[in-house]
$ cat start_34.json   # JSON, C-alpha atoms and all ligand atoms
[["chain", "number", "residue", "atom", "x", "y", "z"],
["A", 1, "MET", "CA", 79.97, 21.16, 85.82],
["A", 2, "LYS", "CA", 78.85, 19.74, 82.56],
["A", 3, "VAL", "CA", 78.81, 16.20, 81.18],
["A", 4, "LEU", "CA", 78.17, 15.48, 77.52],
["A", 5, "GLY", "CA", 76.41, 12.24, 76.59],
["A", 6, "ILE", "CA", 77.22, 10.72, 73.21],
["A", 7, "ALA", "CA", 75.31, 7.67, 72.01],
["A", 8, "GLY", "CA", 76.84, 5.67, 69.20],
["A", 9, "SER", "CA", 73.45, 4.88, 67.68],
["A", 10, "LEU", "CA", 71.52, 7.12, 65.31],
["A", 11, "ARG", "CA", 68.13, 5.46, 65.96],
["A", 12, "PRO", "CA", 65.57, 7.72, 67.63],
["A", 13, "ASP", "CA", 64.48, 4.79, 69.83],
["A", 14, "SER", "CA", 68.02, 3.69, 70.56],
["A", 15, "TYR", "CA", 68.56, 1.71, 73.75],
["A", 16, "ASN", "CA", 71.89, 3.45, 74.12],
["A", 17, "LYS", "CA", 70.21, 6.86, 74.05],
["A", 18, "ALA", "CA", 67.80, 5.53, 76.68],
["A", 19, "LEU", "CA", 70.77, 4.38, 78.74],
["A", 20, "LEU", "CA", 72.19, 7.90, 78.66],
["A", 21, "VAL", "CA", 68.81, 9.31, 79.68],
["A", 22, "ALA", "CA", 68.86, 6.91, 82.64],
["A", 23, "ALA", "CA", 72.39, 8.04, 83.49],
["A", 24, "ALA", "CA", 71.35, 11.69, 83.31],
["A", 25, "GLU", "CA", 69.03, 11.15, 86.26],
["A", 26, "LEU", "CA", 71.88, 9.76, 88.37],
["A", 27, "PHE", "CA", 74.18, 12.78, 88.22],
["A", 28, "PRO", "CA", 74.23, 15.17, 91.18],
["A", 29, "ALA", "CA", 72.08, 18.27, 90.87],
["A", 30, "ASP", "CA", 75.06, 20.52, 90.16],
["A", 31, "VAL", "CA", 76.03, 18.54, 87.07],
["A", 32, "GLU", "CA", 74.39, 19.59, 83.84],
["A", 33, "PHE", "CA", 73.96, 16.68, 81.43],
["A", 34, "GLU", "CA", 73.53, 17.26, 77.70],
["A", 35, "LEU", "CA", 72.56, 14.45, 75.35],
["A", 36, "TRP", "CA", 74.38, 15.34, 72.13],
["A", 37, "ASP", "CA", 72.34, 14.85, 68.98],
["A", 38, "GLY", "CA", 74.77, 15.87, 66.25],
["A", 39, "LEU", "CA", 76.27, 12.50, 65.37],
["A", 40, "LYS", "CA", 74.34, 11.91, 62.16],
["A", 41, "ALA", "CA", 75.49, 15.24, 60.72],
["A", 42, "VAL", "CA", 79.20, 14.51, 61.11],
["A", 43, "PRO", "CA", 80.64, 13.84, 57.63],
["A", 44, "PRO", "CA", 82.93, 10.92, 56.86],
["A", 45, "TYR", "CA", 86.45, 11.73, 57.95],
["A", 46, "ASP", "CA", 88.64, 12.99, 55.13],
["A", 47, "GLU", "CA", 92.05, 14.48, 55.89],
["A", 48, "VAL", "CA", 91.57, 16.87, 52.99],
["A", 49, "ASP", "CA", 88.52, 18.33, 54.76],
["A", 50, "ASP", "CA", 90.31, 18.47, 58.12],
["A", 51, "VAL", "CA", 91.28, 22.12, 57.81],
["A", 52, "ILE", "CA", 90.54, 25.38, 59.58],
["A", 53, "PRO", "CA", 87.72, 26.22, 59.69],
["A", 54, "ALA", "CA", 86.44, 22.70, 60.28],
["A", 55, "PRO", "CA", 83.21, 21.52, 58.63],
["A", 56, "ALA", "CA", 80.30, 22.97, 60.64],
["A", 57, "ALA", "CA", 79.13, 19.67, 62.10],
["A", 58, "VAL", "CA", 82.68, 18.83, 63.14],
["A", 59, "ALA", "CA", 83.11, 22.23, 64.76],
["A", 60, "ARG", "CA", 79.89, 21.59, 66.72],
["A", 61, "LEU", "CA", 81.23, 18.21, 67.86],
["A", 62, "ARG", "CA", 84.59, 19.61, 68.91],
["A", 63, "ASP", "CA", 82.94, 22.58, 70.68],
["A", 64, "ALA", "CA", 80.53, 20.29, 72.52],
["A", 65, "VAL", "CA", 83.37, 18.07, 73.77],
["A", 66, "ALA", "CA", 85.62, 21.02, 74.61],
["A", 67, "GLY", "CA", 82.81, 22.67, 76.55],
["A", 68, "ALA", "CA", 82.15, 19.63, 78.73],
["A", 69, "ASP", "CA", 84.08, 18.60, 81.82],
["A", 70, "ALA", "CA", 83.56, 14.94, 80.91],
["A", 71, "VAL", "CA", 81.94, 12.75, 78.29],
["A", 72, "LEU", "CA", 79.81, 9.67, 78.86],
["A", 73, "PHE", "CA", 79.60, 7.41, 75.81],
["A", 74, "ALA", "CA", 76.97, 4.71, 75.30],
["A", 75, "THR", "CA", 77.74, 2.43, 72.42],
["A", 76, "PRO", "CA", 75.87, -0.34, 70.66],
["A", 77, "GLU", "CA", 77.80, -3.23, 69.23],
["A", 78, "TYR", "CA", 77.95, -3.61, 65.46],
["A", 79, "ASN", "CA", 79.66, -6.79, 64.35],
["A", 80, "SER", "CA", 81.62, -7.06, 67.60],
["A", 81, "SER", "CA", 82.90, -3.50, 67.40],
["A", 82, "ILE", "CA", 81.72, 0.10, 67.59],
["A", 83, "PRO", "CA", 79.42, 1.59, 64.94],
["A", 84, "GLY", "CA", 81.25, 3.32, 62.11],
["A", 85, "GLN", "CA", 79.56, 6.65, 62.78],
["A", 86, "LEU", "CA", 80.87, 6.71, 66.34],
["A", 87, "LYS", "CA", 84.42, 5.80, 65.33],
["A", 88, "ASN", "CA", 84.19, 8.46, 62.64],
["A", 89, "ALA", "CA", 83.20, 11.12, 65.17],
["A", 90, "VAL", "CA", 86.01, 10.15, 67.53],
["A", 91, "ASP", "CA", 88.44, 10.31, 64.62],
["A", 92, "TRP", "CA", 87.33, 13.88, 63.86],
["A", 93, "ALA", "CA", 87.51, 14.81, 67.54],
["A", 94, "SER", "CA", 91.01, 13.34, 67.80],
["A", 95, "ARG", "CA", 92.61, 15.88, 65.46],
["A", 96, "PRO", "CA", 94.87, 17.78, 65.76],
["A", 97, "LEU", "CA", 96.28, 14.98, 67.90],
["A", 98, "ALA", "CA", 98.43, 17.00, 70.30],
["A", 99, "THR", "CA", 95.70, 19.48, 71.20],
["A", 100, "ASN", "CA", 92.60, 17.43, 70.46],
["A", 101, "VAL", "CA", 89.49, 18.11, 72.55],
["A", 102, "LEU", "CA", 89.48, 14.61, 74.05],
["A", 103, "ARG", "CA", 93.04, 14.83, 75.36],
["A", 104, "ASN", "CA", 92.98, 14.59, 79.18],
["A", 105, "LYS", "CA", 89.18, 14.67, 79.08],
["A", 106, "PRO", "CA", 87.60, 12.28, 81.59],
["A", 107, "VAL", "CA", 85.43, 9.84, 79.66],
["A", 108, "ALA", "CA", 83.43, 6.76, 80.58],
["A", 109, "VAL", "CA", 81.88, 4.08, 78.41],
["A", 110, "VAL", "CA", 78.70, 2.07, 78.85],
["A", 111, "GLY", "CA", 76.72, 0.10, 76.31],
["A", 112, "ALA", "CA", 73.60, -1.77, 75.34],
["A", 113, "SER", "CA", 72.90, -4.39, 72.72],
["A", 114, "THR", "CA", 70.11, -6.75, 71.91],
["A", 115, "GLY", "CA", 72.60, -9.61, 72.05],
["A", 116, "ALA", "CA", 73.42, -11.45, 75.25],
["A", 117, "PHE", "CA", 76.65, -9.71, 76.13],
["A", 118, "GLY", "CA", 75.64, -6.06, 76.22],
["A", 119, "ALA", "CA", 78.17, -4.64, 73.79],
["A", 120, "VAL", "CA", 81.16, -5.66, 75.91],
["A", 121, "TRP", "CA", 83.44, -5.92, 72.89],
["A", 122, "ALA", "CA", 82.28, -2.58, 71.54],
["A", 123, "GLN", "CA", 82.86, -0.98, 74.93],
["A", 124, "ALA", "CA", 86.39, -2.41, 75.06],
["A", 125, "GLU", "CA", 87.06, -1.17, 71.51],
["A", 126, "LEU", "CA", 85.79, 2.29, 72.35],
["A", 127, "ARG", "CA", 87.93, 2.46, 75.48],
["A", 128, "LYS", "CA", 90.94, 1.52, 73.37],
["A", 129, "VAL", "CA", 90.15, 4.16, 70.75],
["A", 130, "LEU", "CA", 89.52, 6.85, 73.37],
["A", 131, "GLY", "CA", 92.79, 5.92, 75.07],
["A", 132, "ALA", "CA", 94.57, 6.53, 71.77],
["A", 133, "THR", "CA", 93.22, 10.08, 71.69],
["A", 134, "GLY", "CA", 94.69, 10.80, 75.10],
["A", 135, "ALA", "CA", 91.36, 10.84, 76.92],
["A", 136, "ARG", "CA", 91.34, 9.81, 80.57],
["A", 137, "VAL", "CA", 89.25, 6.67, 80.38],
["A", 138, "VAL", "CA", 87.48, 6.04, 83.69],
["A", 139, "ASP", "CA", 87.18, 2.44, 84.88],
["A", 140, "GLY", "CA", 83.75, 0.85, 84.95],
["A", 141, "GLU", "CA", 81.39, -0.88, 82.59],
["A", 142, "VAL", "CA", 77.68, -1.29, 82.17],
["A", 143, "ALA", "CA", 76.76, -4.08, 79.78],
["A", 144, "VAL", "CA", 73.06, -4.02, 79.01],
["A", 145, "GLY", "CA", 72.44, -7.33, 77.24],
["A", 146, "HIS", "CA", 69.06, -8.27, 75.77],
["A", 147, "ALA", "CA", 68.31, -4.56, 75.85],
["A", 148, "GLN", "CA", 64.78, -5.10, 74.56],
["A", 149, "GLN", "CA", 63.99, -6.70, 77.94],
["A", 150, "ARG", "CA", 65.76, -4.11, 80.11],
["A", 151, "PHE", "CA", 63.84, -1.02, 79.03],
["A", 152, "VAL", "CA", 60.12, -0.39, 79.39],
["A", 153, "ASP", "CA", 58.78, 2.73, 77.67],
["A", 154, "GLY", "CA", 62.37, 3.86, 77.29],
["A", 155, "ARG", "CA", 63.18, 3.51, 80.99],
["A", 156, "LEU", "CA", 65.83, 1.19, 82.39],
["A", 157, "VAL", "CA", 63.99, -1.27, 84.64],
["A", 158, "ASP", "CA", 66.83, -3.52, 85.81],
["A", 159, "ALA", "CA", 67.92, -2.61, 89.35],
["A", 160, "ASN", "CA", 71.36, -4.25, 89.07],
["A", 161, "LEU", "CA", 72.15, -2.41, 85.88],
["A", 162, "SER", "CA", 70.93, 0.86, 87.41],
["A", 163, "GLU", "CA", 73.31, 0.28, 90.29],
["A", 164, "GLN", "CA", 76.20, -0.35, 87.90],
["A", 165, "LEU", "CA", 75.28, 2.77, 85.97],
["A", 166, "GLN", "CA", 75.28, 4.74, 89.21],
["A", 167, "GLU", "CA", 78.80, 3.48, 89.92],
["A", 168, "VAL", "CA", 80.08, 4.61, 86.53],
["A", 169, "VAL", "CA", 78.40, 7.99, 86.96],
["A", 170, "ALA", "CA", 79.97, 8.35, 90.43],
["A", 171, "ALA", "CA", 83.41, 7.42, 89.05],
["A", 172, "LEU", "CA", 83.09, 10.03, 86.31],
["A", 173, "VAL", "CA", 81.96, 12.71, 88.76],
["A", 174, "ALA", "CA", 84.86, 11.85, 91.09],
["A", 175, "GLU", "CA", 87.19, 12.36, 88.17],
["A", 176, "ILE", "CA", 85.90, 15.85, 87.35],
["A", 177, "ARG", "CA", 85.19, 17.24, 90.83],
["A", 178, "PRO", "CA", 88.79, 18.18, 91.66],
["A", 179, "ARG", "CA", 89.31, 19.59, 88.16],
["A", 180, "ALA", "CA", 86.20, 21.78, 88.36],
["A", 181, "ALA", "CA", 87.28, 23.00, 91.81],
["A", 182, "ILE", "CA", 90.72, 23.94, 90.48],
["A", 183, "ALA", "CA", 89.21, 25.71, 87.48],
["A", 184, "ALA", "CA", 86.76, 27.68, 89.66],
["B", 201, "LIG", "C1", 74.97, -3.71, 61.62],
["B", 201, "LIG", "C2", 74.60, -4.29, 62.96],
["B", 201, "LIG", "C3", 75.47, -5.16, 63.60],
["B", 201, "LIG", "C4", 75.16, -5.67, 64.87],
["B", 201, "LIG", "N1", 76.06, -6.47, 65.51],
["B", 201, "LIG", "C5", 75.82, -6.84, 66.78],
["B", 201, "LIG", "C6", 76.81, -7.55, 67.53],
["B", 201, "LIG", "O1", 77.90, -7.83, 67.07],
["B", 201, "LIG", "N2", 76.52, -7.89, 68.80],
["B", 201, "LIG", "C7", 75.31, -7.57, 69.39],
["B", 201, "LIG", "O2", 75.11, -7.90, 70.55],
["B", 201, "LIG", "N3", 74.36, -6.92, 68.70],
["B", 201, "LIG", "C8", 74.58, -6.55, 67.41],
["B", 201, "LIG", "N4", 73.63, -5.84, 66.72],
["B", 201, "LIG", "C9", 72.34, -5.57, 67.35],
["B", 201, "LIG", "C10", 72.39, -4.29, 68.16],
["B", 201, "LIG", "O3", 72.86, -4.62, 69.44],
["B", 201, "LIG", "C11", 70.99, -3.70, 68.27],
["B", 201, "LIG", "O4", 70.55, -3.29, 67.00],
["B", 201, "LIG", "C12", 70.94, -2.55, 69.25],
["B", 201, "LIG", "O5", 69.61, -2.28, 69.56],
["B", 201, "LIG", "C13", 71.60, -1.31, 68.69],
["B", 201, "LIG", "O6", 71.66, -0.29, 69.66],
["B", 201, "LIG", "P1", 70.60, 0.90, 69.72],
["B", 201, "LIG", "O7", 69.31, 0.33, 70.28],
["B", 201, "LIG", "O8", 71.23, 1.89, 70.64],
["B", 201, "LIG", "O9", 70.40, 1.42, 68.34],
["B", 201, "LIG", "C14", 73.92, -5.34, 65.47],
["B", 201, "LIG", "C15", 73.03, -4.48, 64.79],
["B", 201, "LIG", "C16", 73.37, -3.95, 63.56],
["B", 201, "LIG", "C17", 72.41, -2.98, 62.88]]
$ encode --input "start_34.json" --output "structure tokens" --more "lines below"
Ligand SMILES: Cc1cc2nc3c(=O)[nH]c(=O)nc-3n(C[C@H](O)[C@H](O)[C@H](O)COP(=O)(O)O)c2cc1C
Amino acid sequence: MKVLGIAGSLRPDSYNKALLVAAAELFPADVEFELWDGLKAVPPYDEVDDVIPAPAAVARLRDAVAGADAVLFATPEYNSSIPGQLKNAVDWASRPLATNVLRNKPVAVVGASTGAFGAVWAQAELRKVLGATGARVVDGEVAVGHAQQRFVDGRLVDANLSEQLQEVVAALVAEIRPRAAIAA
């Protein structure tokens, strides 16, 4: 089984990337976790460019999502919503709508911000957007507020948040286990 991790931040030292690295350690041994690093290359969505073949970076995004049994998103909050580059990538992934790679895909959302509330609004926005694509949005939230205090040398050091992250990971795995068994 494979889970793709997509962070909504482009920063190399992103707390949201660190959150996905922390999540990667919580998956069972038989789950391969890939932290996707192609977000910055995805061009701005333009319907004129949304043709076959897709732009190379878009094809890589769609292939990465299609090849995963589930996707774990970690989003920062930009002005009470999700970063434009993340929304842009989901927009590309969402077409063609009826057969888009996110449709029926189990997805979960967590988030970190340097503000007090841990990107809760961004997480809610992302869940809404993913729901519109037809993804199966798994319940659960991890809101890492004051992220600069929750990571030391890139590692999540808050036990409560680690526990919440474990719960989201477990919920996502529970969602894909029966599907992987059927596919096998
Ligand atoms: C354009 C912009 C808007 C932001 N808006 C918010 C916000 O609405 N709420 C919040 O808690 N943090 C906000 N922040 C701070 C981010 O939470 C912080 O930069 C965070 O570290 C970004 O995530 P990253 O570490 O994964 O890059 C904003 C940052 C930027 C650059």
$ closest_residue --input "start_34.json" --among "A:Leu19, A:Ala54, A:Ala64, A:Ala89" --to "Leu165 in chain A" --atoms "all atoms listed in the file"
A:Leu19
$ residues_around --input "start_34.json" --residues "Leu4 in chain A" --least-positions-apart "2" --cutoff "8 Å" --atoms "only C-alpha atoms" --output "PyMOL selection string"
chain A and resi 2+6+33-36+64-65+68-72
$ closest_residue --input "start_34.json" --among "A:Ala171, A:Val109, A:Ala56, A:Leu20" --to "ligand LIG 201 (chain B)" --atoms "all atoms listed in the file"
A:Leu20
$ residues_near_ligand --input "start_34.json" --ligand "ligand LIG 201 (chain B)" --cutoff "12 Å" --atoms "only C-alpha atoms and all ligand atoms" --output "ChimeraX atom specification"
/A:6-21,73-86,110-123,143-151,154
$ residues_around --input "start_34.json" --residues "Val107 in chain A" --least-positions-apart "4" --cutoff "12 Å" --atoms "all atoms listed in the file" --output "number ranges by chain"
A: 3-6, 65, 68-74, 101-103, 126-131, 133-141, 168-169, 171-176
$ atom_distance --input "start_34.json" --atom1 "CA of Glu163 in chain A" --atom2 "CA of Asn104 in chain A"
26.7 Å
$ residues_around --input "start_34.json" --residues "Pro44 in chain A" --least-positions-apart "3" --cutoff "12 Å" --atoms "only C-alpha atoms" --output "NGL selection string"
:A and (39-41 or 47-50 or 55 or 57-58 or 84-92)
